[in-house]
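Coordinates as given in model_29.txt (compact mmCIF, C-alpha atoms):
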```txt
# COMPACT_ATOMS: atom_id res chain seq x y z
CA MET H 1 -20.48 -2.94 -31.43
CA GLY H 2 -17.39 -4.13 -29.56
CA GLY H 3 -15.15 -1.32 -30.80
CA GLU H 4 -17.53 1.43 -29.70
CA MET H 5 -18.51 -0.12 -26.38
CA THR H 6 -14.93 -0.80 -25.30
CA ARG H 7 -13.53 2.58 -26.31
CA VAL H 8 -11.32 4.21 -23.66
CA VAL H 9 -12.67 7.62 -22.77
CA GLN H 10 -9.91 10.20 -22.35
CA ASP H 11 -10.63 12.22 -19.21
CA ALA H 12 -8.84 15.57 -19.09
CA ASP H 13 -8.36 15.04 -15.35
CA MET H 14 -6.81 11.59 -15.77
CA LYS H 15 -3.14 11.27 -14.88
CA THR H 16 -0.90 8.67 -16.53
CA LEU H 17 2.37 7.81 -14.84
CA TRP H 18 4.91 5.24 -16.01
CA VAL H 19 7.05 2.95 -13.89
CA ARG H 20 10.22 1.54 -15.44
CA HIS H 21 11.66 -1.73 -14.11
CA PRO H 22 14.36 -4.18 -15.28
CA SER H 23 12.05 -6.14 -17.58
CA GLY H 24 9.98 -3.29 -18.98
CA GLN H 25 7.54 -0.67 -17.81
CA TYR H 26 3.91 -0.34 -16.81
CA PRO H 27 1.39 2.51 -16.68
CA ILE H 28 -0.52 3.84 -13.71
CA TYR H 29 -3.80 5.47 -14.70
CA ILE H 30 -5.31 7.79 -12.09
CA GLY H 31 -8.71 9.45 -12.45
CA ARG H 32 -12.40 9.41 -11.68
CA GLY H 33 -14.59 6.55 -12.92
CA LEU H 34 -11.74 4.47 -14.34
CA ARG H 35 -13.17 1.21 -13.00
CA HIS H 36 -15.62 1.35 -15.90
CA GLU H 37 -12.72 1.34 -18.39
CA VAL H 38 -10.87 -1.71 -17.11
CA GLY H 39 -12.14 -4.01 -19.84
CA ALA H 40 -11.27 -1.52 -22.57
CA ARG H 41 -7.73 -1.14 -21.26
CA LEU H 42 -7.25 -4.92 -21.21
CA ALA H 43 -8.83 -5.48 -24.62
CA GLY H 44 -5.77 -4.45 -26.59
CA LYS H 45 -3.42 -6.80 -24.70
CA PRO H 46 -2.46 -10.35 -25.75
CA TYR H 47 -4.56 -11.92 -23.03
CA THR H 48 -6.80 -14.97 -22.99
CA ARG H 49 -10.40 -13.79 -23.25
CA SER H 50 -11.09 -14.73 -19.68
CA ALA H 51 -10.04 -12.92 -16.54
CA PHE H 52 -10.09 -13.42 -12.80
CA ILE H 53 -11.20 -10.69 -10.42
CA VAL H 54 -10.02 -11.24 -6.85
CA THR H 55 -11.68 -9.07 -4.24
CA ASP H 56 -12.81 -9.32 -0.63
CA GLU H 57 -16.21 -9.57 0.97
CA HIS H 58 -16.31 -5.82 1.75
CA VAL H 59 -15.41 -4.54 -1.71
CA ALA H 60 -17.31 -7.15 -3.74
CA PRO H 61 -20.79 -5.66 -3.12
CA LEU H 62 -19.53 -2.17 -4.04
CA TYR H 63 -17.48 -2.57 -7.20
CA SER H 64 -17.23 -6.16 -8.45
CA GLU H 65 -20.33 -5.78 -10.62
CA ASP H 66 -18.80 -2.73 -12.34
CA LEU H 67 -15.65 -4.69 -13.18
CA VAL H 68 -17.55 -7.76 -14.35
CA HIS H 69 -19.66 -5.55 -16.63
CA SER H 70 -16.62 -3.71 -17.96
CA LEU H 71 -14.83 -6.97 -18.75
CA SER H 72 -17.92 -8.58 -20.26
CA THR H 73 -18.44 -5.56 -22.50
CA ALA H 74 -14.88 -6.07 -23.73
CA ARG H 75 -15.76 -9.74 -24.40
CA PHE H 76 -13.88 -11.24 -21.48
CA THR H 77 -15.39 -14.03 -19.42
CA ALA H 78 -15.03 -12.72 -15.89
CA HIS H 79 -14.48 -15.10 -12.96
CA LEU H 80 -15.12 -13.49 -9.59
CA VAL H 81 -13.24 -14.86 -6.56
CA VAL H 82 -14.15 -13.38 -3.17
CA VAL H 83 -11.80 -13.85 -0.21
CA PRO H 84 -12.37 -12.97 3.46
CA ALA H 85 -11.51 -9.40 4.40
CA GLY H 86 -8.79 -8.47 6.85
CA GLU H 87 -5.07 -8.77 7.54
CA GLU H 88 -5.67 -11.99 9.49
CA HIS H 89 -6.51 -13.69 6.17
CA LYS H 90 -3.35 -12.52 4.44
CA ASN H 91 -1.74 -15.93 4.67
CA LEU H 92 -0.84 -19.03 2.68
CA ASN H 93 -4.24 -20.62 3.33
CA THR H 94 -5.91 -17.84 1.34
CA VAL H 95 -3.29 -18.18 -1.41
CA GLN H 96 -4.07 -21.91 -1.59
CA ASP H 97 -7.76 -21.05 -2.03
CA LEU H 98 -6.84 -18.76 -4.92
CA TYR H 99 -4.72 -21.44 -6.55
CA ASN H 100 -7.66 -23.84 -6.38
CA ALA H 101 -10.08 -21.28 -7.84
CA PHE H 102 -7.69 -20.40 -10.68
CA LEU H 103 -6.84 -23.98 -11.60
CA ASP H 104 -10.39 -25.29 -11.29
CA ARG H 105 -11.60 -22.62 -13.73
CA GLY H 106 -8.94 -23.21 -16.34
CA ILE H 107 -6.40 -20.42 -15.87
CA ASP H 108 -3.54 -20.37 -18.38
CA ARG H 109 -0.37 -18.30 -18.60
CA SER H 110 -2.11 -15.55 -20.60
CA THR H 111 -5.07 -15.17 -18.26
CA PRO H 112 -5.04 -11.80 -16.45
CA VAL H 113 -5.66 -11.71 -12.71
CA LEU H 114 -7.06 -8.47 -11.31
CA ALA H 115 -6.76 -7.39 -7.68
CA LEU H 116 -9.78 -5.26 -6.76
CA GLY H 117 -9.47 -3.88 -3.25
CA GLY H 118 -7.01 -2.65 -0.69
CA GLY H 119 -3.44 -3.55 0.05
CA VAL H 120 -4.23 -6.95 1.56
CA VAL H 121 -6.08 -8.06 -1.56
CA GLY H 122 -3.31 -6.71 -3.76
CA ASP H 123 -0.57 -8.45 -1.79
CA ILE H 124 -2.32 -11.84 -1.73
CA THR H 125 -3.44 -11.70 -5.34
CA GLY H 126 -0.06 -10.50 -6.58
CA TYR H 127 1.72 -13.34 -4.82
CA ALA H 128 -0.71 -15.88 -6.25
CA ALA H 129 -0.32 -14.37 -9.73
CA ALA H 130 3.46 -14.47 -9.41
CA THR H 131 3.54 -18.15 -8.51
CA VAL H 132 0.64 -19.96 -10.19
CA LEU H 133 1.89 -21.48 -13.46
CA ARG H 134 5.16 -19.65 -12.64
CA GLY H 135 3.48 -16.33 -13.34
CA VAL H 136 0.41 -14.90 -15.04
CA PRO H 137 -0.51 -11.29 -15.99
CA PHE H 138 -1.41 -9.16 -12.99
CA ILE H 139 -3.44 -5.93 -12.88
CA GLN H 140 -3.94 -3.78 -9.80
CA VAL H 141 -7.27 -1.98 -9.29
CA PRO H 142 -6.82 -0.44 -5.82
CA THR H 143 -9.87 0.90 -4.00
CA THR H 144 -8.27 2.33 -0.85
CA LEU H 145 -6.07 5.38 -0.57
CA LEU H 146 -3.36 3.36 1.14
CA ALA H 147 -3.26 0.88 -1.73
CA MET H 148 -3.39 3.63 -4.36
CA VAL H 149 -0.37 5.55 -3.10
CA ASP H 150 1.70 2.67 -1.78
CA ALA H 151 0.79 -1.02 -1.93
CA SER H 152 -0.23 -1.16 -5.61
CA VAL H 153 3.01 0.39 -6.88
CA GLY H 154 6.46 -1.18 -6.88
CA GLY H 155 5.88 -4.88 -7.41
CA LYS H 156 6.17 -6.19 -3.86
CA THR H 157 3.67 -8.93 -3.00
CA GLY H 158 3.43 -11.35 -0.12
CA VAL H 159 1.67 -12.82 2.87
CA ASP H 160 2.16 -12.90 6.61
CA MET H 161 3.47 -15.75 8.75
CA PRO H 162 3.00 -16.30 12.48
CA GLN H 163 6.57 -15.04 12.90
CA GLY H 164 5.89 -11.68 11.23
CA LYS H 165 4.45 -9.62 8.38
CA ASN H 166 5.22 -10.22 4.69
CA LEU H 167 7.80 -12.92 5.38
CA VAL H 168 6.78 -14.93 2.30
CA GLY H 169 6.48 -13.09 -0.99
CA ALA H 170 7.77 -12.28 -4.45
CA PHE H 171 8.42 -9.32 -6.69
CA LYS H 172 5.63 -9.23 -9.29
CA PHE H 173 5.39 -6.12 -11.42
CA PRO H 174 1.82 -5.48 -12.61
CA ASP H 175 0.97 -5.02 -16.26
CA MET H 176 -0.89 -1.88 -15.25
CA VAL H 177 -2.42 -0.12 -12.26
CA ILE H 178 -5.88 1.44 -12.67
CA VAL H 179 -6.72 3.91 -9.90
CA ASP H 180 -10.32 5.08 -9.74
CA THR H 181 -10.43 7.85 -7.13
CA GLU H 182 -14.25 7.67 -7.06
CA THR H 183 -13.89 4.58 -4.87
CA LEU H 184 -12.59 6.82 -2.09
CA GLN H 185 -16.15 8.12 -1.68
CA THR H 186 -17.26 4.84 -0.12
CA LEU H 187 -14.29 4.50 2.21
CA PRO H 188 -14.88 4.95 5.94
CA ARG H 189 -13.13 8.02 7.31
CA GLU H 190 -10.58 5.91 9.18
CA GLU H 191 -9.58 4.14 5.95
CA VAL H 192 -8.96 7.46 4.22
CA ALA H 193 -6.88 8.47 7.25
CA CYS H 194 -4.83 5.27 6.91
CA GLY H 195 -3.96 6.20 3.34
CA MET H 196 -3.06 9.71 4.41
CA ALA H 197 -0.39 8.24 6.69
CA GLU H 198 1.42 6.98 3.59
CA VAL H 199 0.90 10.31 1.80
CA ILE H 200 2.47 12.12 4.77
CA LYS H 201 5.29 9.57 4.74
CA HIS H 202 5.99 10.34 1.08
CA GLY H 203 5.96 14.05 1.85
CA LEU H 204 8.54 13.59 4.59
CA ILE H 205 10.73 11.46 2.32
CA ALA H 206 10.86 13.59 -0.80
CA ASP H 207 8.02 16.09 -1.37
CA PRO H 208 7.17 18.60 1.40
CA GLY H 209 4.41 20.02 -0.81
CA LEU H 210 2.37 16.90 -0.10
CA LEU H 211 2.11 18.00 3.53
CA GLU H 212 0.42 21.19 2.32
CA MET H 213 -2.01 19.20 0.14
CA VAL H 214 -2.96 17.07 3.13
CA SER H 215 -3.96 20.21 5.01
CA ALA H 216 -6.36 21.34 2.25
CA PRO H 217 -10.09 21.27 3.16
CA GLU H 218 -11.56 17.86 2.35
CA GLU H 219 -14.42 19.28 0.32
CA VAL H 220 -12.05 20.86 -2.23
CA ARG H 221 -9.35 18.21 -2.22
CA ASP H 222 -8.15 17.24 -5.70
CA TRP H 223 -7.81 13.50 -5.21
CA PRO H 224 -6.33 12.58 -8.63
CA SER H 225 -3.61 15.22 -8.20
CA LEU H 226 -2.84 14.28 -4.61
CA VAL H 227 -2.67 10.56 -5.44
CA ALA H 228 -0.53 11.19 -8.53
CA ARG H 229 1.91 13.36 -6.60
CA ALA H 230 2.24 10.81 -3.79
CA VAL H 231 2.68 7.97 -6.28
CA GLN H 232 5.38 9.89 -8.13
CA VAL H 233 7.52 9.91 -4.97
CA LYS H 234 7.36 6.13 -4.85
CA ILE H 235 7.99 5.76 -8.58
CA ASP H 236 11.14 7.88 -8.40
CA ILE H 237 12.49 5.67 -5.63
CA VAL H 238 11.51 2.20 -6.89
CA GLU H 239 12.92 2.98 -10.33
CA GLN H 240 16.29 3.55 -8.68
CA ASP H 241 16.01 0.35 -6.65
CA PRO H 242 13.39 -2.08 -8.06
CA PHE H 243 14.40 -5.04 -5.87
CA GLU H 244 14.93 -3.23 -2.55
CA GLN H 245 18.71 -3.43 -2.43
CA GLY H 246 19.43 0.14 -1.35
CA ARG H 247 17.62 3.44 -1.88
CA ARG H 248 14.16 1.84 -1.66
CA ALA H 249 14.71 1.33 2.05
CA VAL H 250 13.68 4.95 2.65
CA LEU H 251 10.08 3.98 1.82
CA ASN H 252 10.10 2.14 5.14
CA LEU H 253 10.07 5.43 7.06
CA GLY H 254 8.08 4.71 10.23
CA HIS H 255 7.64 1.07 9.32
CA THR H 256 10.22 -0.48 11.65
CA PHE H 257 8.07 0.90 14.45
CA ALA H 258 4.77 0.23 12.67
CA HIS H 259 5.35 -3.44 11.89
CA ALA H 260 6.41 -4.11 15.47
CA LEU H 261 3.31 -2.33 16.80
CA GLU H 262 1.12 -4.43 14.51
CA ARG H 263 2.79 -7.60 15.70
CA VAL H 264 2.37 -6.88 19.42
CA ALA H 265 -1.28 -5.98 18.68
CA ASN H 266 -1.76 -9.36 16.96
CA TYR H 267 -2.41 -7.51 13.69
CA LYS H 268 -5.60 -5.94 15.05
CA LEU H 269 -4.09 -2.48 14.56
CA ARG H 270 -4.79 -0.79 11.23
CA HIS H 271 -1.62 -0.48 9.17
CA GLY H 272 -2.14 3.22 8.48
CA PHE H 273 -2.64 3.94 12.17
CA ALA H 274 0.54 2.02 12.96
CA VAL H 275 2.44 3.96 10.28
CA GLY H 276 1.22 7.26 11.69
CA LEU H 277 2.46 6.35 15.16
CA GLY H 278 5.66 5.08 13.59
CA LEU H 279 6.23 8.45 11.90
CA ILE H 280 5.97 10.24 15.24
CA ALA H 281 8.38 7.78 16.83
CA ALA H 282 10.79 8.11 13.90
CA ALA H 283 10.72 11.90 14.16
CA ARG H 284 11.31 11.75 17.90
CA LEU H 285 14.19 9.32 17.32
CA ALA H 286 15.69 11.75 14.81
CA VAL H 287 15.67 14.49 17.44
CA LEU H 288 17.22 12.19 20.04
CA LEU H 289 19.97 11.24 17.58
CA GLY H 290 20.66 14.88 16.81
CA ASP H 291 19.59 14.48 13.17
CA ALA H 292 16.56 16.79 13.34
CA ARG H 293 15.20 19.81 15.16
CA GLU H 294 12.39 19.54 17.69
CA GLU H 295 10.05 21.35 15.29
CA LEU H 296 10.02 18.29 13.04
CA VAL H 297 8.02 16.34 15.61
CA ASP H 298 5.45 19.14 15.68
CA THR H 299 5.27 19.17 11.86
CA VAL H 300 4.59 15.43 11.78
CA ILE H 301 2.00 15.61 14.55
CA ASP H 302 0.21 18.54 12.90
CA ALA H 303 -0.03 16.67 9.58
CA LEU H 304 -1.31 13.51 11.25
CA ARG H 305 -3.86 15.47 13.29
CA THR H 306 -5.17 17.19 10.15
CA ALA H 307 -5.55 13.75 8.54
CA HIS H 308 -7.56 12.50 11.56
CA LEU H 309 -4.91 9.98 12.56
CA PRO H 310 -4.35 8.90 16.19
CA LEU H 311 -1.32 10.44 17.88
CA CYS H 312 -0.81 7.89 20.65
CA TRP H 313 -1.92 4.40 21.65
CA SER H 314 -4.74 5.62 23.91
CA ALA H 315 -6.42 7.28 20.91
CA LEU H 316 -6.78 3.92 19.13
CA ASP H 317 -9.73 2.69 21.21
CA ALA H 318 -7.66 -0.44 21.65
CA PRO H 319 -9.04 -2.86 24.25
CA GLU H 320 -5.53 -3.61 25.52
CA SER H 321 -3.38 -1.22 27.50
CA PRO H 322 -0.31 0.16 25.71
CA PRO H 323 2.41 -2.44 25.14
CA ILE H 324 5.66 -2.18 27.06
CA PRO H 325 8.31 -0.45 24.91
CA SER H 326 10.74 -3.33 25.42
CA HIS H 327 8.17 -5.75 23.97
CA VAL H 328 7.90 -3.59 20.86
CA TRP H 329 11.69 -3.55 20.63
CA GLU H 330 11.72 -7.37 20.71
CA ALA H 331 9.05 -7.51 18.00
CA MET H 332 11.24 -5.35 15.75
CA TRP H 333 13.70 -8.22 15.45
CA THR H 334 11.17 -10.29 13.49
CA ASP H 335 11.11 -7.64 10.75
CA LYS H 336 12.56 -9.02 7.52
CA LYS H 337 14.17 -5.63 6.83
CA ARG H 338 16.73 -6.00 9.59
CA ARG H 339 20.31 -6.58 8.47
CA GLY H 340 22.03 -9.34 10.48
CA LYS H 341 22.32 -8.16 14.04
CA ALA H 342 21.38 -4.56 13.28
CA LEU H 343 18.01 -2.87 13.01
CA ARG H 344 17.70 -0.25 10.30
CA PHE H 345 15.76 2.93 11.03
CA ILE H 346 14.79 5.49 8.45
CA VAL H 347 15.29 8.84 10.16
CA PRO H 348 13.65 12.05 8.91
CA CYS H 349 15.97 15.04 9.12
CA GLU H 350 13.52 17.59 7.72
CA PRO H 351 10.50 17.45 5.38
CA GLY H 352 11.85 16.06 2.11
CA ARG H 353 15.04 14.50 3.46
CA VAL H 354 15.64 11.22 5.29
CA ILE H 355 18.67 9.07 6.10
CA VAL H 356 19.19 5.41 7.01
CA ARG H 357 20.63 4.63 10.45
CA SER H 358 21.69 1.20 11.69
CA ASP H 359 23.68 2.36 14.71
CA VAL H 360 20.76 3.31 16.94
CA PRO H 361 21.06 2.53 20.66
CA LYS H 362 18.20 0.56 22.17
CA SER H 363 17.80 3.20 24.89
CA LEU H 364 16.91 5.88 22.32
CA VAL H 365 14.45 3.62 20.54
CA LEU H 366 12.70 2.96 23.85
CA GLN H 367 12.54 6.69 24.53
CA ALA H 368 11.01 7.30 21.09
CA LEU H 369 8.42 4.60 21.75
CA GLU H 370 7.38 6.18 25.04
CA VAL H 371 6.06 9.19 23.11
CA ILE H 372 3.40 7.09 21.35
CA LEU H 373 2.74 4.34 23.91
CA CYS H 374 0.70 6.49 26.27
```

Take the structure in the file and give it back as structure tokens.
Amino acid sequence: MGGEMTRVVQDADMKTLWVRHPSGQYPIYIGRGLRHEVGARLAGKPYTRSAFIVTDEHVAPLYSEDLVHSLSTARFTAHLVVVPAGEEHKNLNTVQDLYNAFLDRGIDRSTPVLALGGGVVGDITGYAAATVLRGVPFIQVPTTLLAMVDASVGGKTGVDMPQGKNLVGAFKFPDMVIVDTETLQTLPREEVACGMAEVIKHGLIADPGLLEMVSAPEEVRDWPSLVARAVQVKIDIVEQDPFEQGRRAVLNLGHTFAHALERVANYKLRHGFAVGLGLIAAARLAVLLGDAREELVDTVIDALRTAHLPLCWSALDAPESPPIPSHVWEAMWTDKKRRGKALRFIVPCEPGRVIVRSDVPKSLVLQALEVILC
């Protein structure tokens, strides 16, 4: 009974990618319907026959039952923990709630913890898994495009503080990442757009062909292939720099701007929207620095427009008027990625090639911000 019911079905369309890191490697499975195979993929591991599923109040009604059933079929006792949805809950209070839930229900060091949801759920759950009992097995089951192509890969976890985003965290490499692209069908259009901002970012960093895939008609889009190609860009970079000491900095393209925009908006701005605006500002900064041609800005704007991303602050339907560029500049100094008294900017030179600049005059940054704060 158990052997047949927990068998992993090999889908010809499924992609399997591997991420190597200093203490081993882990697989990323990408395909349609893979949420139903989670239990089977865990069954062969040396885990306690109980598991925690952490999800949020938006995702729980959609997919938690599928995961509970999959785990139960594989003879795991599944404990469901539902946290509030939203970036505003990505903090140490939520982590404390997870600790209490884990410890009250008898977690041990072989009990797997699964993050079912978007990047916020993955970040919070990963940090809790990294620190409870000094570390327990962690599995990512991302349900948003943004989490699939970015947040679930690379091992960075963490929470926000009043002083800024992701200021408390840990590196926690997952045992595996299971990407079910069917979950994209229930995402609101703006959430798909947010993920596309990261896909476009990866195209600008190392794979211009991704920009062409973004422009494909939505009805014929091959999601497993697009996700796999975007993820491969990140894999290639994090394998070179697993603990963010050098090359991995290029993955922050647009993020020095984006994190500052989120901060001045009191984190009410969607991360993907902020990244999209950050990509425009970064491209404009590249032109101002003489590192790129003017056409690059048009290329970035065209890709973002195709992905239904806002191109300036006024397109956000934000209740507040655009922030003053100098206020955004000040917010940049709370970013943990700064080095001493210098801000680092990832500057795109052309699709597929970026450089790191830490000698950027404030005046040029303000000029780049004016393009998006209108």

Next on the checklist: For region 51-59 of chain H, find every residue with an atom within 6 Å (counting only C-alpha atoms), except residues of its own chain fewer than 2 positions away, and show them as a PyMOL selection string.
Outcome noted: chain H and resi 61-62+78-85+111-117

Resulting file, chosen residues, C-alpha atoms, as a PDB file, keeping the file's coordinate frame:
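Once everything was written out, this is again_37.pdb:
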```pdb
ATOM      1  CA  PRO H  61     -20.790  -5.660  -3.120  1.00  0.00           C
ATOM      2  CA  LEU H  62     -19.530  -2.170  -4.040  1.00  0.00           C
ATOM      3  CA  ALA H  78     -15.030 -12.720 -15.890  1.00  0.00           C
ATOM      4  CA  HIS H  79     -14.480 -15.100 -12.960  1.00  0.00           C
ATOM      5  CA  LEU H  80     -15.120 -13.490  -9.590  1.00  0.00           C
ATOM      6  CA  VAL H  81     -13.240 -14.860  -6.560  1.00  0.00           C
ATOM      7  CA  VAL H  82     -14.150 -13.380  -3.170  1.00  0.00           C
ATOM      8  CA  VAL H  83     -11.800 -13.850  -0.210  1.00  0.00           C
ATOM      9  CA  PRO H  84     -12.370 -12.970   3.460  1.00  0.00           C
ATOM     10  CA  ALA H  85     -11.510  -9.400   4.400  1.00  0.00           C
ATOM     11  CA  THR H 111      -5.070 -15.170 -18.260  1.00  0.00           C
ATOM     12  CA  PRO H 112      -5.040 -11.800 -16.450  1.00  0.00           C
ATOM     13  CA  VAL H 113      -5.660 -11.710 -12.710  1.00  0.00           C
ATOM     14  CA  LEU H 114      -7.060  -8.470 -11.310  1.00  0.00           C
ATOM     15  CA  ALA H 115      -6.760  -7.390  -7.680  1.00  0.00           C
ATOM     16  CA  LEU H 116      -9.780  -5.260  -6.760  1.00  0.00           C
ATOM     17  CA  GLY H 117      -9.470  -3.880  -3.250  1.00  0.00           C
TER      18      GLY H 117
END
```

Checklist outcome for this item: A straight line from CA of Val121 (chain H) to CA of Asp317 (chain H) spans 25.4 Å

Checklist entry - What lies within 12 Å of Ile30 (chain H) using only C-alpha atoms, ignoring chain neighbours under 2 positions off, as number ranges by chain? => result H: 10-18, 27-28, 32-35, 37, 140-143, 145, 148-149, 176-183, 222-232

Checklist entry - Taking only C-alpha atoms into account, which of H:Ala258, H:Val250, H:Ile301, H:Leu279 comes nearest Val356 (chain H)? => result H:Val250

Next on the checklist: Residues near Val19 (chain H), anyone? I mean within 12 Å using only C-alpha atoms, not counting same-chain ones fewer than 2 positions away, as a PyMOL selection string.
Outcome noted: chain H and resi 16-17+21-29+152-155+173-177+231-242

Checklist entry - Which residue out of H:Pro137, H:Gly39, H:Gly119, H:Gly44 has the minimum interatomic distance to Leu71 (chain H) when only C-alpha atoms are used? => result H:Gly39

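For the atom pair formed by CA of Ile107 (chain H) and CA of Asn91 (chain H), the distance is 21.5 Å, given to one decimal.
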